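Next up, structure_18.cif (mmCIF, C-alpha atoms):
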data_start
#
loop_
_atom_site.label_atom_id
_atom_site.label_comp_id
_atom_site.auth_asym_id
_atom_site.auth_seq_id
_atom_site.Cartn_x
_atom_site.Cartn_y
_atom_site.Cartn_z
CA MET A 1 14.31 -54.96 16.13
CA ARG A 2 10.57 -55.45 16.36
CA LEU A 3 10.42 -53.23 19.42
CA LEU A 4 12.43 -50.55 17.59
CA ALA A 5 10.01 -50.67 14.67
CA VAL A 6 7.05 -50.28 17.02
CA LEU A 7 8.77 -47.41 18.80
CA SER A 8 9.43 -45.50 15.61
CA MET A 9 5.84 -46.03 14.45
CA VAL A 10 4.69 -44.61 17.77
CA SER A 11 6.87 -41.49 17.45
CA VAL A 12 5.76 -40.90 13.85
CA CYS A 13 2.14 -41.13 14.96
CA LEU A 14 2.68 -38.81 17.92
CA VAL A 15 3.92 -36.13 15.52
CA ALA A 16 1.73 -36.80 12.47
CA CYS A 17 -1.48 -37.55 14.39
CA SER A 18 -1.23 -34.38 16.48
CA ARG A 19 -0.79 -32.38 13.26
CA ALA A 20 -3.71 -34.12 11.59
CA THR A 21 -6.08 -33.30 14.46
CA ASP A 22 -4.85 -29.69 14.65
CA ASN A 23 -7.05 -28.58 11.77
CA PHE A 24 -6.21 -24.89 12.07
CA GLN A 25 -8.20 -22.41 9.98
CA PRO A 26 -6.92 -18.80 9.73
CA GLU A 27 -10.57 -17.77 9.25
CA THR A 28 -11.26 -18.74 12.88
CA ILE A 29 -8.91 -16.00 14.09
CA ILE A 30 -10.17 -13.46 11.56
CA ALA A 31 -13.79 -14.13 12.51
CA LEU A 32 -13.05 -13.69 16.23
CA GLU A 33 -11.45 -10.30 15.53
CA ARG A 34 -14.22 -9.21 13.18
CA GLY A 35 -16.87 -10.10 15.75
CA ALA A 36 -15.13 -8.07 18.45
CA LEU A 37 -14.63 -5.11 16.07
CA ASP A 38 -18.31 -5.11 15.09
CA ARG A 39 -19.37 -4.90 18.72
CA TRP A 40 -16.73 -2.20 19.38
CA GLY A 41 -18.26 -0.15 16.53
CA LYS A 42 -21.58 -0.24 18.42
CA GLY A 43 -19.95 1.05 21.59
CA ASP A 44 -19.61 -2.40 23.17
CA PRO A 45 -16.08 -3.43 24.24
CA ARG A 46 -17.22 -6.75 25.72
CA GLY A 47 -16.50 -8.56 22.46
CA PHE A 48 -12.83 -7.83 23.11
CA PHE A 49 -13.09 -8.52 26.85
CA GLU A 50 -14.38 -12.02 26.04
CA ILE A 51 -11.36 -12.94 23.93
CA MET A 52 -8.58 -11.42 26.07
CA ALA A 53 -6.01 -13.70 27.66
CA THR A 54 -5.07 -13.07 31.29
CA ASP A 55 -1.57 -11.92 30.41
CA GLN A 56 -2.49 -9.67 27.47
CA THR A 57 -0.13 -6.82 26.61
CA TYR A 58 -1.42 -3.72 24.83
CA PHE A 59 -0.31 -0.61 22.89
CA ASP A 60 -2.39 2.10 21.20
CA PRO A 61 -1.75 5.77 20.27
CA MET A 62 -3.13 6.98 23.63
CA THR A 63 -1.09 4.69 25.93
CA ALA A 64 1.93 6.29 27.61
CA SER A 65 3.59 2.88 27.89
CA ARG A 66 2.68 -0.78 27.36
CA ILE A 67 -0.30 -1.93 29.43
CA ASP A 68 0.18 -5.38 30.97
CA GLY A 69 -2.55 -7.83 32.00
CA HIS A 70 -6.19 -8.04 30.99
CA GLU A 71 -7.46 -6.39 34.17
CA ALA A 72 -5.41 -3.27 33.39
CA VAL A 73 -6.44 -3.36 29.71
CA LYS A 74 -10.14 -3.69 30.64
CA LYS A 75 -9.84 -0.78 33.08
CA TYR A 76 -8.30 1.31 30.30
CA ILE A 77 -10.94 0.39 27.68
CA ALA A 78 -14.11 0.26 29.83
CA PRO A 79 -14.59 4.09 29.93
CA PHE A 80 -15.14 4.06 26.14
CA THR A 81 -18.29 1.95 26.58
CA GLY A 82 -21.23 3.52 24.76
CA ARG A 83 -19.17 6.48 23.52
CA ILE A 84 -17.91 5.05 20.20
CA ARG A 85 -19.98 4.68 17.03
CA ILE A 86 -18.54 3.41 13.75
CA GLU A 87 -20.76 3.16 10.67
CA ARG A 88 -18.65 0.66 8.77
CA VAL A 89 -15.52 -1.28 9.56
CA GLU A 90 -13.25 -2.48 6.74
CA MET A 91 -10.54 -5.02 7.49
CA ILE A 92 -7.98 -4.79 4.67
CA ASP A 93 -5.96 -7.85 3.68
CA PRO A 94 -5.98 -9.76 7.00
CA LYS A 95 -3.04 -12.16 7.26
CA VAL A 96 -2.41 -14.89 9.84
CA GLN A 97 1.14 -16.11 10.59
CA ARG A 98 0.85 -19.15 12.81
CA SER A 99 3.15 -21.64 14.50
CA GLY A 100 1.68 -24.10 17.00
CA ASP A 101 -0.49 -22.33 19.53
CA LEU A 102 0.42 -18.74 18.60
CA ALA A 103 -1.09 -16.88 15.65
CA VAL A 104 -0.25 -13.34 14.56
CA LEU A 105 -3.13 -11.56 12.83
CA THR A 106 -2.23 -8.33 11.00
CA PHE A 107 -4.37 -6.03 8.89
CA ASN A 108 -5.08 -2.42 8.04
CA LEU A 109 -8.39 -1.26 9.38
CA VAL A 110 -10.56 1.56 8.07
CA ASN A 111 -13.27 2.89 10.35
CA TYR A 112 -15.76 4.88 8.28
CA GLY A 113 -18.10 7.32 9.98
CA ALA A 114 -16.31 7.02 13.32
CA GLN A 115 -17.53 9.21 16.17
CA MET A 116 -16.80 9.59 19.85
CA ASP A 117 -19.37 11.31 22.08
CA GLY A 118 -21.29 12.47 19.01
CA SER A 119 -18.31 14.34 17.47
CA PRO A 120 -18.29 14.92 13.67
CA LYS A 121 -17.90 11.69 11.72
CA THR A 122 -14.39 10.92 10.49
CA THR A 123 -12.55 8.13 8.73
CA VAL A 124 -9.77 6.60 10.83
CA ARG A 125 -7.11 4.29 9.41
CA TRP A 126 -5.23 1.82 11.61
CA ASN A 127 -2.26 -0.53 11.54
CA SER A 128 -3.39 -3.53 13.55
CA THR A 129 -1.52 -6.40 15.15
CA GLU A 130 -3.40 -8.96 17.23
CA VAL A 131 -1.51 -11.96 18.57
CA PHE A 132 -3.71 -14.88 19.59
CA GLN A 133 -2.74 -17.86 21.73
CA ARG A 134 -4.68 -21.12 21.89
CA LEU A 135 -5.40 -21.73 25.57
CA ASN A 136 -7.46 -24.78 26.57
CA GLY A 137 -8.65 -25.04 22.98
CA SER A 138 -9.81 -21.40 22.61
CA TRP A 139 -7.92 -18.62 20.83
CA LYS A 140 -7.41 -15.56 23.04
CA ILE A 141 -5.60 -12.26 22.44
CA VAL A 142 -2.23 -12.12 24.22
CA HIS A 143 -0.97 -8.94 22.54
CA SER A 144 -2.58 -5.98 20.71
CA HIS A 145 -0.84 -3.13 18.95
CA TRP A 146 -2.99 -0.40 17.36
CA SER A 147 -1.46 2.61 15.60
CA TYR A 148 -2.52 5.30 13.13
CA VAL A 149 -1.58 4.94 9.47
CA LYS A 150 0.80 7.81 8.55
CA PRO A 151 -0.15 10.18 11.38
CA VAL A 152 0.42 13.84 10.46
CA LEU A 153 2.19 15.28 13.49
CA LYS A 154 1.82 18.77 14.84
CA GLU A 155 5.11 20.59 14.26
CA GLY A 156 7.34 20.66 17.30
CA ALA A 157 5.18 18.01 18.94
CA SER A 158 8.06 15.59 19.39
CA GLU A 159 10.33 16.42 22.29
CA MET B 1 1.41 -55.08 29.37
CA ARG B 2 5.18 -54.73 29.13
CA LEU B 3 4.90 -53.26 25.64
CA LEU B 4 2.28 -50.76 26.89
CA ALA B 5 4.58 -49.71 29.72
CA VAL B 6 7.45 -49.16 27.27
CA LEU B 7 5.20 -47.20 24.91
CA SER B 8 4.00 -44.87 27.64
CA MET B 9 7.57 -44.29 28.79
CA VAL B 10 8.47 -43.39 25.21
CA SER B 11 5.61 -40.90 24.88
CA VAL B 12 6.45 -39.30 28.22
CA CYS B 13 10.06 -38.94 27.11
CA LEU B 14 9.08 -37.51 23.70
CA VAL B 15 7.22 -34.72 25.47
CA ALA B 16 9.42 -34.18 28.52
CA CYS B 17 12.75 -34.58 26.73
CA SER B 18 11.84 -32.13 23.98
CA ARG B 19 10.90 -29.60 26.68
CA ALA B 20 14.09 -30.23 28.58
CA THR B 21 16.28 -29.66 25.54
CA ASP B 22 14.30 -26.57 24.50
CA ASN B 23 16.09 -24.41 27.03
CA PHE B 24 14.52 -21.16 25.90
CA GLN B 25 15.92 -17.93 27.33
CA PRO B 26 13.96 -14.68 26.78
CA GLU B 27 17.31 -12.87 26.93
CA THR B 28 18.28 -14.49 23.60
CA ILE B 29 15.46 -12.63 21.85
CA ILE B 30 16.10 -9.37 23.70
CA ALA B 31 19.83 -9.50 22.85
CA LEU B 32 19.09 -10.07 19.14
CA GLU B 33 16.84 -7.01 19.09
CA ARG B 34 19.28 -4.88 21.06
CA GLY B 35 22.12 -5.78 18.71
CA ALA B 36 20.07 -4.82 15.65
CA LEU B 37 18.93 -1.55 17.31
CA ASP B 38 22.51 -0.58 18.20
CA ARG B 39 23.59 -1.00 14.57
CA TRP B 40 20.49 0.90 13.36
CA GLY B 41 21.52 3.80 15.63
CA LYS B 42 24.83 3.94 13.75
CA GLY B 43 23.05 4.13 10.40
CA ASP B 44 23.44 0.41 9.66
CA PRO B 45 20.20 -1.51 8.94
CA ARG B 46 21.99 -4.80 8.22
CA GLY B 47 21.60 -5.93 11.83
CA PHE B 48 17.87 -6.10 11.11
CA PHE B 49 18.34 -7.57 7.62
CA GLU B 50 20.28 -10.46 9.16
CA ILE B 51 17.46 -11.45 11.50
CA MET B 52 14.49 -11.02 9.15
CA ALA B 53 12.46 -14.08 8.17
CA THR B 54 11.49 -14.49 4.51
CA ASP B 55 7.81 -13.90 5.20
CA GLN B 56 8.20 -10.90 7.52
CA THR B 57 5.30 -8.46 7.78
CA TYR B 58 5.92 -4.84 8.77
CA PHE B 59 4.17 -1.65 9.97
CA ASP B 60 5.62 1.73 10.96
CA PRO B 61 4.24 5.33 11.03
CA MET B 62 5.41 5.98 7.46
CA THR B 63 3.94 2.86 5.80
CA ALA B 64 0.71 3.40 3.85
CA SER B 65 -0.24 -0.24 4.38
CA ARG B 66 1.36 -3.42 5.73
CA ILE B 67 4.57 -4.40 3.91
CA ASP B 68 4.82 -8.14 3.20
CA GLY B 69 8.00 -10.17 2.67
CA HIS B 70 11.59 -9.42 3.64
CA GLU B 71 12.58 -8.30 0.14
CA ALA B 72 9.92 -5.57 0.24
CA VAL B 73 10.87 -4.60 3.81
CA LYS B 74 14.58 -4.39 2.88
CA LYS B 75 13.77 -2.24 -0.13
CA TYR B 76 11.78 0.07 2.13
CA ILE B 77 14.49 0.33 4.82
CA ALA B 78 17.67 0.34 2.69
CA PRO B 79 17.38 4.06 1.71
CA PHE B 80 17.85 5.02 5.40
CA THR B 81 21.35 3.50 5.40
CA GLY B 82 23.89 6.02 6.73
CA ARG B 83 21.24 8.70 7.32
CA ILE B 84 20.22 7.85 10.89
CA ARG B 85 22.23 8.63 14.02
CA ILE B 86 21.01 7.88 17.54
CA GLU B 87 23.16 8.78 20.54
CA ARG B 88 21.54 6.42 23.00
CA VAL B 89 18.88 3.75 22.75
CA GLU B 90 16.83 2.80 25.83
CA MET B 91 14.70 -0.34 25.74
CA ILE B 92 12.08 0.03 28.48
CA ASP B 93 10.69 -3.07 30.19
CA PRO B 94 11.17 -5.64 27.40
CA LYS B 95 8.77 -8.59 27.75
CA VAL B 96 8.75 -11.88 25.89
CA GLN B 97 5.54 -13.93 25.53
CA ARG B 98 6.48 -17.27 24.05
CA SER B 99 4.77 -20.49 23.00
CA GLY B 100 6.76 -23.11 21.10
CA ASP B 101 8.59 -21.56 18.18
CA LEU B 102 6.94 -18.11 18.29
CA ALA B 103 8.00 -15.36 20.70
CA VAL B 104 6.44 -11.92 20.99
CA LEU B 105 8.87 -9.25 22.21
CA THR B 106 7.30 -5.94 23.27
CA PHE B 107 8.90 -2.83 24.75
CA ASN B 108 8.85 0.94 24.74
CA LEU B 109 11.90 2.40 23.08
CA VAL B 110 13.42 5.82 23.68
CA ASN B 111 15.86 7.10 21.08
CA TYR B 112 17.87 9.97 22.59
CA GLY B 113 19.72 12.37 20.32
CA ALA B 114 18.09 10.97 17.18
CA GLN B 115 18.91 12.67 13.87
CA MET B 116 18.21 12.03 10.23
CA ASP B 117 20.42 13.69 7.60
CA GLY B 118 21.99 15.89 10.27
CA SER B 119 18.67 17.41 11.42
CA PRO B 120 18.45 18.82 14.99
CA LYS B 121 18.66 16.11 17.63
CA THR B 122 15.36 14.95 19.09
CA THR B 123 14.08 12.32 21.49
CA VAL B 124 11.72 9.85 19.85
CA ARG B 125 9.53 7.42 21.84
CA TRP B 126 8.24 4.21 20.31
CA ASN B 127 5.79 1.40 20.97
CA SER B 128 7.54 -1.70 19.67
CA THR B 129 6.31 -5.18 18.80
CA GLU B 130 8.72 -7.72 17.32
CA VAL B 131 7.49 -11.25 16.74
CA PHE B 132 10.24 -13.84 16.36
CA GLN B 133 9.94 -17.37 14.98
CA ARG B 134 12.49 -20.13 15.52
CA LEU B 135 13.40 -21.40 12.06
CA ASN B 136 16.06 -24.12 11.72
CA GLY B 137 17.21 -23.32 15.24
CA SER B 138 17.59 -19.53 14.75
CA TRP B 139 15.16 -16.85 15.90
CA LYS B 140 14.09 -14.54 13.06
CA ILE B 141 11.65 -11.62 12.95
CA VAL B 142 8.36 -12.55 11.26
CA HIS B 143 6.45 -9.39 12.20
CA SER B 144 7.39 -5.83 13.26
CA HIS B 145 5.09 -3.05 14.37
CA TRP B 146 6.62 0.33 15.25
CA SER B 147 4.48 3.29 16.32
CA TYR B 148 4.91 6.63 18.09
CA VAL B 149 3.98 6.92 21.74
CA LYS B 150 1.06 9.39 22.06
CA PRO B 151 1.57 11.20 18.74
CA VAL B 152 0.26 14.79 18.81
CA LEU B 153 -1.70 15.12 15.59
CA LYS B 154 -1.99 18.24 13.48
CA GLU B 155 -5.59 19.47 13.71
CA GLY B 156 -7.72 18.40 10.78
CA ALA B 157 -5.05 15.88 9.77
CA SER B 158 -7.40 12.95 9.91
CA GLU B 159 -9.68 12.62 6.93
#

Please, can you express the file's structure as structure tokens?
Amino acid sequence: MRLLAVLSMVSVCLVACSRATDNFQPETIIALERGALDRWGKGDPRGFFEIMATDQTYFDPMTASRIDGHEAVKKYIAPFTGRIRIERVEMIDPKVQRSGDLAVLTFNLVNYGAQMDGSPKTTVRWNSTEVFQRLNGSWKIVHSHWSYVKPVLKEGASE
Amino acid sequence: MRLLAVLSMVSVCLVACSRATDNFQPETIIALERGALDRWGKGDPRGFFEIMATDQTYFDPMTASRIDGHEAVKKYIAPFTGRIRIERVEMIDPKVQRSGDLAVLTFNLVNYGAQMDGSPKTTVRWNSTEVFQRLNGSWKIVHSHWSYVKPVLKEGASE
């Protein structure tokens, strides 16, 4: 009986202690994203490169199909280096849904004064999903999905 | 020393045994999604309603901002009941990225012969992200993001 008691104490601790040391803060994820977005708005994609996981998957309105793997995603994004300027980035209502080592960050994004290659400034509104995974203690992006809010389609543009 | 040996065996089993009984199959997630999509193509959204988690978050090209909570998502989707018809649904290259009780399913979707309210049939191509969480042993959708593949925007449509 004494052994049983010890064993159950051990199992309780294995569960409770690991939770206690987890100490997850949603703000950690939000700050990582905000940091990468700020650099992106200055034409620097390396903020995103630094937080990509090896097996990242990626969608945006210009991709013909899902892009798989951070090498392919980097290759796709790198040509935008130095071409993007965004005056102000607003992250609306960021929300983190987390279980264990995966965290889903979602928000609407408004890019004010956005330009590419010196084009006229526009405001661009995005639906944003960024899934982070904790790998060796660091949160990295394993999936990104970017899309326009209520895009107004050219008539006859769909097949 | 004997107690220590027993304790380490217990901890090893707590980790290894829980993994062994996990028995996760990506096909489970893919089949859930496919089942819900098939019903959606017949004008029946209840396939999705049945696999929504209470705290689901949701984006699609018609949403002005993220929709939070399955009651709000149901209210948004319910009016489409009986109005959608899709002849054939093709799920391209579904991929599941999983850690513990969260699984991210991504795919490109092609809806052939899609109609709403008897409109002319079109082909519609989607980028699709569905995040599932295992809750009380069942996988439920906690986040959905649907967007058009390469939407052709009306000129001057962005602000």

For this session: Compile the residues of chain B that lie within 7 Å of chain A, evaluated using only C-alpha atoms, and express the compilation as an MDAnalysis selection string.
Result: chainID B and resid 59 61:66 99:102 108 122:124 127 147 149:154 157:159

For this session: Name all residues at most 8 Å from Thr81 of chain B (count all atoms listed in the file; drop same-chain ones fewer than 2 positions away) and give them as a ChimeraX atom specification.
Result: /B:43-45,77-79,83-84

Result of fitting chain B on chain A (Cα atoms paired in order), as a compact mmCIF listing (two decimals) with C-alpha atoms, keeping the file's coordinate frame:
# COMPACT_ATOMS: atom_id res chain seq x y z
CA MET B 1 13.89 -55.22 16.17
CA ARG B 2 10.12 -55.61 16.40
CA LEU B 3 10.00 -53.36 19.46
CA LEU B 4 12.08 -50.73 17.61
CA ALA B 5 9.69 -50.85 14.67
CA VAL B 6 6.71 -50.36 16.99
CA LEU B 7 8.44 -47.49 18.79
CA SER B 8 9.21 -45.65 15.58
CA MET B 9 5.63 -46.10 14.40
CA VAL B 10 4.47 -44.61 17.70
CA SER B 11 6.74 -41.58 17.39
CA VAL B 12 5.68 -40.99 13.79
CA CYS B 13 2.04 -41.14 14.87
CA LEU B 14 2.62 -38.80 17.84
CA VAL B 15 3.91 -36.16 15.44
CA ALA B 16 1.72 -36.80 12.40
CA CYS B 17 -1.50 -37.46 14.30
CA SER B 18 -1.18 -34.31 16.40
CA ARG B 19 -0.72 -32.33 13.18
CA ALA B 20 -3.66 -34.02 11.54
CA THR B 21 -6.00 -33.24 14.42
CA ASP B 22 -4.72 -29.65 14.68
CA ASN B 23 -6.85 -28.54 11.76
CA PHE B 24 -6.02 -24.87 12.09
CA GLN B 25 -8.01 -22.41 9.99
CA PRO B 26 -6.78 -18.79 9.74
CA GLU B 27 -10.43 -17.79 9.25
CA THR B 28 -11.13 -18.77 12.88
CA ILE B 29 -8.80 -16.02 14.10
CA ILE B 30 -10.05 -13.47 11.57
CA ALA B 31 -13.69 -14.17 12.51
CA LEU B 32 -12.95 -13.72 16.23
CA GLU B 33 -11.38 -10.33 15.53
CA ARG B 34 -14.16 -9.26 13.18
CA GLY B 35 -16.81 -10.16 15.74
CA ALA B 36 -15.08 -8.13 18.45
CA LEU B 37 -14.60 -5.16 16.07
CA ASP B 38 -18.28 -5.18 15.06
CA ARG B 39 -19.34 -4.98 18.71
CA TRP B 40 -16.73 -2.25 19.39
CA GLY B 41 -18.28 -0.22 16.54
CA LYS B 42 -21.59 -0.35 18.41
CA GLY B 43 -19.98 0.97 21.59
CA ASP B 44 -19.61 -2.48 23.16
CA PRO B 45 -16.07 -3.48 24.23
CA ARG B 46 -17.16 -6.81 25.72
CA GLY B 47 -16.45 -8.63 22.46
CA PHE B 48 -12.79 -7.86 23.12
CA PHE B 49 -13.03 -8.56 26.86
CA GLU B 50 -14.30 -12.06 26.06
CA ILE B 51 -11.27 -12.95 23.95
CA MET B 52 -8.52 -11.39 26.07
CA ALA B 53 -5.93 -13.66 27.68
CA THR B 54 -4.99 -13.02 31.32
CA ASP B 55 -1.49 -11.85 30.43
CA GLN B 56 -2.43 -9.61 27.49
CA THR B 57 -0.09 -6.75 26.62
CA TYR B 58 -1.42 -3.66 24.84
CA PHE B 59 -0.33 -0.53 22.91
CA ASP B 60 -2.42 2.16 21.20
CA PRO B 61 -1.81 5.85 20.28
CA MET B 62 -3.18 7.04 23.64
CA THR B 63 -1.15 4.76 25.93
CA ALA B 64 1.85 6.38 27.63
CA SER B 65 3.54 2.99 27.93
CA ARG B 66 2.67 -0.67 27.38
CA ILE B 67 -0.32 -1.85 29.44
CA ASP B 68 0.19 -5.30 30.99
CA GLY B 69 -2.51 -7.77 32.04
CA HIS B 70 -6.15 -8.02 31.01
CA GLU B 71 -7.45 -6.36 34.18
CA ALA B 72 -5.40 -3.23 33.40
CA VAL B 73 -6.44 -3.32 29.72
CA LYS B 74 -10.14 -3.68 30.66
CA LYS B 75 -9.87 -0.78 33.08
CA TYR B 76 -8.34 1.32 30.31
CA ILE B 77 -10.97 0.39 27.70
CA ALA B 78 -14.14 0.23 29.84
CA PRO B 79 -14.65 4.05 29.93
CA PHE B 80 -15.21 4.03 26.13
CA THR B 81 -18.32 1.86 26.56
CA GLY B 82 -21.29 3.43 24.74
CA ARG B 83 -19.23 6.39 23.50
CA ILE B 84 -17.97 4.98 20.20
CA ARG B 85 -20.01 4.59 17.02
CA ILE B 86 -18.57 3.33 13.73
CA GLU B 87 -20.78 3.06 10.66
CA ARG B 88 -18.65 0.59 8.77
CA VAL B 89 -15.50 -1.35 9.56
CA GLU B 90 -13.22 -2.53 6.73
CA MET B 91 -10.49 -5.06 7.49
CA ILE B 92 -7.93 -4.79 4.68
CA ASP B 93 -5.89 -7.84 3.70
CA PRO B 94 -5.90 -9.75 7.01
CA LYS B 95 -2.94 -12.14 7.29
CA VAL B 96 -2.29 -14.84 9.85
CA GLN B 97 1.27 -16.05 10.60
CA ARG B 98 1.00 -19.08 12.82
CA SER B 99 3.31 -21.55 14.54
CA GLY B 100 1.85 -24.02 17.03
CA ASP B 101 -0.34 -22.26 19.56
CA LEU B 102 0.57 -18.66 18.63
CA ALA B 103 -0.97 -16.82 15.68
CA VAL B 104 -0.15 -13.29 14.58
CA LEU B 105 -3.04 -11.53 12.83
CA THR B 106 -2.16 -8.29 11.01
CA PHE B 107 -4.33 -6.00 8.90
CA ASN B 108 -5.06 -2.40 8.04
CA LEU B 109 -8.38 -1.27 9.39
CA VAL B 110 -10.56 1.54 8.06
CA ASN B 111 -13.28 2.84 10.35
CA TYR B 112 -15.80 4.82 8.27
CA GLY B 113 -18.16 7.23 9.97
CA ALA B 114 -16.36 6.95 13.31
CA GLN B 115 -17.60 9.16 16.17
CA MET B 116 -16.88 9.52 19.84
CA ASP B 117 -19.45 11.24 22.07
CA GLY B 118 -21.37 12.41 19.00
CA SER B 119 -18.41 14.28 17.46
CA PRO B 120 -18.39 14.85 13.66
CA LYS B 121 -17.97 11.62 11.72
CA THR B 122 -14.46 10.87 10.49
CA THR B 123 -12.60 8.09 8.72
CA VAL B 124 -9.83 6.60 10.83
CA ARG B 125 -7.13 4.28 9.40
CA TRP B 126 -5.25 1.84 11.59
CA ASN B 127 -2.26 -0.47 11.54
CA SER B 128 -3.36 -3.49 13.55
CA THR B 129 -1.47 -6.35 15.17
CA GLU B 130 -3.34 -8.92 17.24
CA VAL B 131 -1.42 -11.90 18.58
CA PHE B 132 -3.59 -14.84 19.61
CA GLN B 133 -2.60 -17.83 21.75
CA ARG B 134 -4.52 -21.10 21.91
CA LEU B 135 -5.23 -21.71 25.59
CA ASN B 136 -7.28 -24.77 26.60
CA GLY B 137 -8.48 -25.05 23.01
CA SER B 138 -9.65 -21.41 22.63
CA TRP B 139 -7.79 -18.62 20.85
CA LYS B 140 -7.30 -15.55 23.06
CA ILE B 141 -5.52 -12.24 22.45
CA VAL B 142 -2.15 -12.06 24.23
CA HIS B 143 -0.91 -8.88 22.55
CA SER B 144 -2.53 -5.93 20.73
CA HIS B 145 -0.83 -3.06 18.96
CA TRP B 146 -3.00 -0.36 17.37
CA SER B 147 -1.49 2.66 15.61
CA TYR B 148 -2.55 5.34 13.13
CA VAL B 149 -1.60 4.98 9.49
CA LYS B 150 0.75 7.86 8.55
CA PRO B 151 -0.21 10.23 11.38
CA VAL B 152 0.33 13.90 10.46
CA LEU B 153 2.10 15.36 13.48
CA LYS B 154 1.68 18.86 14.81
CA GLU B 155 4.96 20.73 14.23
CA GLY B 156 7.19 20.82 17.28
CA ALA B 157 5.07 18.10 18.89
CA SER B 158 7.97 15.76 19.38
CA GLU B 159 10.19 16.60 22.30

For this session: Mind giving me the straight-line distance from atom CA of Ala53 of chain B to atom CA of Lys74 of chain B in Å, one decimal?
Result: 11.2 Å

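Using the PyMOL selection byres ((chain A and resi 39) around 12) on the file at hand returns these residues: Leu32, Glu33, Arg34, Gly35, Ala36, Leu37, Asp38, Trp40, Gly41, Lys42, Gly43, Asp44, Pro45, Arg46, Gly47, Phe48, Phe49, Glu50, Thr81, Gly82, Ile84, Arg85, Ile86, Glu87, Arg88 and Val89 of chain A.
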
Exercise. So how far away is atom CA of Lys140 of chain B from atom CA of Ile51 of chain B, in Å?
Worked result: 4.8 Å

For this session: Calculate how many Å separate atom CA of Asn23 of chain B from atom CA of Met52 of chain B, rounding to one decimal.
Result: 22.4 Å
